[in-house]
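Peer 1: I'm passing along run15.cif; it holds mmCIF, C-alpha atoms.
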data_query
loop_
_atom_site.group_PDB
_atom_site.id
_atom_site.type_symbol
_atom_site.label_atom_id
_atom_site.label_comp_id
_atom_site.auth_asym_id
_atom_site.auth_seq_id
_atom_site.Cartn_x
_atom_site.Cartn_y
_atom_site.Cartn_z
ATOM 1 C CA GLU A 1 -0.684 9.644 -3.182
ATOM 2 C CA TYR A 2 -3.699 8.292 -1.325
ATOM 3 C CA LEU A 3 -1.573 7.274 1.649
ATOM 4 C CA ALA A 4 0.227 10.596 1.683
ATOM 5 C CA ASP A 5 -3.086 12.472 1.649
ATOM 6 C CA ARG A 6 -4.580 10.175 4.273
ATOM 7 C CA PHE A 7 -1.662 10.633 6.664
ATOM 8 C CA HIS A 8 -0.910 14.273 5.823
ATOM 9 C CA VAL A 9 2.644 13.752 4.575
ATOM 10 C CA PRO A 10 4.276 14.789 1.292
ATOM 11 C CA ALA A 11 3.732 12.200 -1.433
ATOM 12 C CA GLY A 12 7.457 12.174 -2.189
ATOM 13 C CA GLY A 13 8.156 11.242 1.409
ATOM 14 C CA MET A 14 5.890 8.204 1.374
ATOM 15 C CA THR A 15 8.020 5.072 1.128
ATOM 16 C CA ALA A 16 7.769 1.505 2.352
ATOM 17 C CA LEU A 17 10.084 2.461 5.214
ATOM 18 C CA SER A 18 8.241 5.614 6.202
ATOM 19 C CA ILE A 19 4.942 3.747 6.345
ATOM 20 C CA GLU A 20 6.244 1.841 9.384
ATOM 21 C CA GLU A 21 6.824 5.070 11.292
ATOM 22 C CA ILE A 22 3.452 6.417 10.279
ATOM 23 C CA ALA A 23 1.793 3.118 11.198
ATOM 24 C CA LYS A 24 3.048 3.372 14.766
ATOM 25 C CA GLU A 25 1.678 6.889 15.082
ATOM 26 C CA LYS A 26 -1.688 6.002 13.552
ATOM 27 C CA GLY A 27 -2.146 2.596 15.191
ATOM 28 C CA LEU A 28 -2.225 0.514 12.017
ATOM 29 C CA SER A 29 -2.108 -3.229 12.478
ATOM 30 C CA PRO A 30 1.066 -5.088 11.471
ATOM 31 C CA GLU A 31 -0.936 -7.011 8.858
ATOM 32 C CA VAL A 32 -2.036 -3.815 7.120
ATOM 33 C CA VAL A 33 1.501 -2.450 7.237
ATOM 34 C CA ASP A 34 2.867 -5.670 5.725
ATOM 35 C CA THR A 35 0.279 -5.496 2.948
ATOM 36 C CA ILE A 36 1.169 -1.876 2.185
ATOM 37 C CA LYS A 37 4.881 -2.694 2.111
ATOM 38 C CA ARG A 38 4.193 -5.621 -0.226
ATOM 39 C CA ILE A 39 2.193 -3.338 -2.526
ATOM 40 C CA PHE A 40 5.062 -0.827 -2.580
ATOM 41 C CA ALA A 41 7.508 -3.628 -3.473
ATOM 42 C CA ASP A 42 5.208 -4.963 -6.195
ATOM 43 C CA CYS A 43 4.771 -1.501 -7.699
ATOM 44 C CA ASP A 44 8.532 -0.972 -7.762
ATOM 45 C CA MET A 45 9.014 -4.353 -9.412
ATOM 46 C CA ALA A 46 6.284 -3.655 -11.959
ATOM 47 C CA ARG A 47 7.902 -0.349 -12.831
ATOM 48 C CA TYR A 48 11.213 -2.008 -13.728
ATOM 49 C CA ALA A 49 10.095 -5.469 -14.855
ATOM 50 C CA PRO A 50 6.491 -5.160 -16.017
ATOM 51 C CA SER A 51 6.575 -8.360 -18.049
ATOM 52 C CA GLN A 52 6.950 -10.360 -14.825
ATOM 53 C CA PHE A 53 3.407 -9.509 -13.737
ATOM 54 C CA SER A 54 0.542 -11.491 -15.177
ATOM 55 C CA HIS A 55 -2.935 -10.083 -15.428
ATOM 56 C CA GLU A 56 -3.953 -12.243 -12.466
ATOM 57 C CA ARG A 57 -1.091 -10.921 -10.341
ATOM 58 C CA ARG A 58 -1.999 -7.328 -11.172
ATOM 59 C CA GLU A 59 -5.606 -8.061 -10.195
ATOM 60 C CA GLU A 60 -4.414 -9.572 -6.908
ATOM 61 C CA ILE A 61 -2.353 -6.460 -6.133
ATOM 62 C CA PHE A 62 -5.326 -4.266 -6.981
ATOM 63 C CA ARG A 63 -7.579 -6.270 -4.626
ATOM 64 C CA SER A 64 -5.004 -5.944 -1.844
ATOM 65 C CA LEU A 65 -4.821 -2.204 -2.381
ATOM 66 C CA LYS A 66 -8.605 -1.913 -2.332
ATOM 67 C CA GLU A 67 -8.731 -3.834 0.957
ATOM 68 C CA VAL A 68 -6.140 -1.515 2.505
ATOM 69 C CA ILE A 69 -8.019 1.576 1.352
ATOM 70 C CA ASP A 70 -11.312 0.164 2.646
ATOM 71 C CA HIS A 71 -9.666 -0.547 6.003
ATOM 72 C CA LEU A 72 -8.168 2.946 6.220
ATOM 73 C CA GLU A 73 -11.466 4.582 5.305
ATOM 74 C CA LYS A 74 -13.122 2.820 8.223
ATOM 75 C CA MET A 75 -10.560 4.241 10.639
ATOM 76 C CA LYS A 76 -11.255 7.556 12.283
#
Would you write out, as structure tokens, the structure that this file holds?

Peer 2:
Amino acid sequence: EYLADRFHVPAGGMTALSIEEIAKEKGLSPEVVDTIKRIFADCDMARYAPSQFSHERREEIFRSLKEVIDHLEKMK
């Protein structure tokens, strides 16, 4: 939802694939896009196989997400 709000798109339309299109328009770096896509993939995996994610892995994903949000907040 944060990404959808940030980029003014419907939340239902925000997918790992659509983020690439949005990234081109907004000038996001490939590294940030890769991180976002990885977070999307991890969230999908956690939804269907939650037991595969240790507490440490969840913390790592959370840190990655926080870094992305911090980066996006610094952008104009």

Peer 1: Measure the distance from atom CA of A:Glu56 to atom CA of A:Asp34 in Å and round it to one decimal.

Peer 2: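 Computing it gives 20.5 Å between the two atoms.
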
Peer 1: Excluding same-chain residues fewer than 6 positions from A:Ala11, what lies within 10 Å of it counting only C-alpha atoms, as a PyMOL selection string?

Peer 2: chain A and resi 1-5

Peer 1: I need the residue nearest A:Glu25 from this list: A:Lys66, A:Phe7, A:Ser51, A:Ala46. Use all atoms listed in the file for the distance.

Peer 2: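 Comparing A:Lys66, A:Phe7, A:Ser51, A:Ala46 against A:Glu25, the winner is A:Phe7.
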
Peer 1: Run the PyMOL selection byres ((chain A and resi 20-22) around 12) mentally over the shown coordinates, then write out the matched residues as an mmCIF file with C-alpha atoms, in the coordinates of the input, using the chain letters and numbers from the document.

Peer 2:
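Ended up saving to out.cif:
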data_model
loop_
_atom_site.group_PDB
_atom_site.id
_atom_site.type_symbol
_atom_site.label_atom_id
_atom_site.label_comp_id
_atom_site.auth_asym_id
_atom_site.auth_seq_id
_atom_site.Cartn_x
_atom_site.Cartn_y
_atom_site.Cartn_z
ATOM 1 C CA LEU A 3 -1.573 7.274 1.649
ATOM 2 C CA ALA A 4 0.227 10.596 1.683
ATOM 3 C CA ARG A 6 -4.580 10.175 4.273
ATOM 4 C CA PHE A 7 -1.662 10.633 6.664
ATOM 5 C CA HIS A 8 -0.910 14.273 5.823
ATOM 6 C CA VAL A 9 2.644 13.752 4.575
ATOM 7 C CA GLY A 13 8.156 11.242 1.409
ATOM 8 C CA MET A 14 5.890 8.204 1.374
ATOM 9 C CA THR A 15 8.020 5.072 1.128
ATOM 10 C CA ALA A 16 7.769 1.505 2.352
ATOM 11 C CA LEU A 17 10.084 2.461 5.214
ATOM 12 C CA SER A 18 8.241 5.614 6.202
ATOM 13 C CA ILE A 19 4.942 3.747 6.345
ATOM 14 C CA ALA A 23 1.793 3.118 11.198
ATOM 15 C CA LYS A 24 3.048 3.372 14.766
ATOM 16 C CA GLU A 25 1.678 6.889 15.082
ATOM 17 C CA LYS A 26 -1.688 6.002 13.552
ATOM 18 C CA GLY A 27 -2.146 2.596 15.191
ATOM 19 C CA LEU A 28 -2.225 0.514 12.017
ATOM 20 C CA SER A 29 -2.108 -3.229 12.478
ATOM 21 C CA PRO A 30 1.066 -5.088 11.471
ATOM 22 C CA GLU A 31 -0.936 -7.011 8.858
ATOM 23 C CA VAL A 32 -2.036 -3.815 7.120
ATOM 24 C CA VAL A 33 1.501 -2.450 7.237
ATOM 25 C CA ASP A 34 2.867 -5.670 5.725
ATOM 26 C CA THR A 35 0.279 -5.496 2.948
ATOM 27 C CA ILE A 36 1.169 -1.876 2.185
ATOM 28 C CA LYS A 37 4.881 -2.694 2.111
#

Peer 1: From the set A:Ile39, A:Pro10, A:Lys74, A:Ala49, which residue has the shortest atom-to-atom contact distance to A:Ile61, counting only C-alpha atoms?

Peer 2: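 Using only C-alpha atoms, the shortest distance to A:Ile61 belongs to A:Ile39.
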
Peer 1: Mind pulling up the distance from atom CA of A:Ser64 to atom CA of A:Phe40?

Peer 2: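 The value is 11.3 Å.
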
Peer 1: Measure the distance from atom CA of A:Phe62 to atom CA of A:Met75 in Å and round it to one decimal.

Peer 2: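 That distance, rounded to one decimal, is 20.3 Å.
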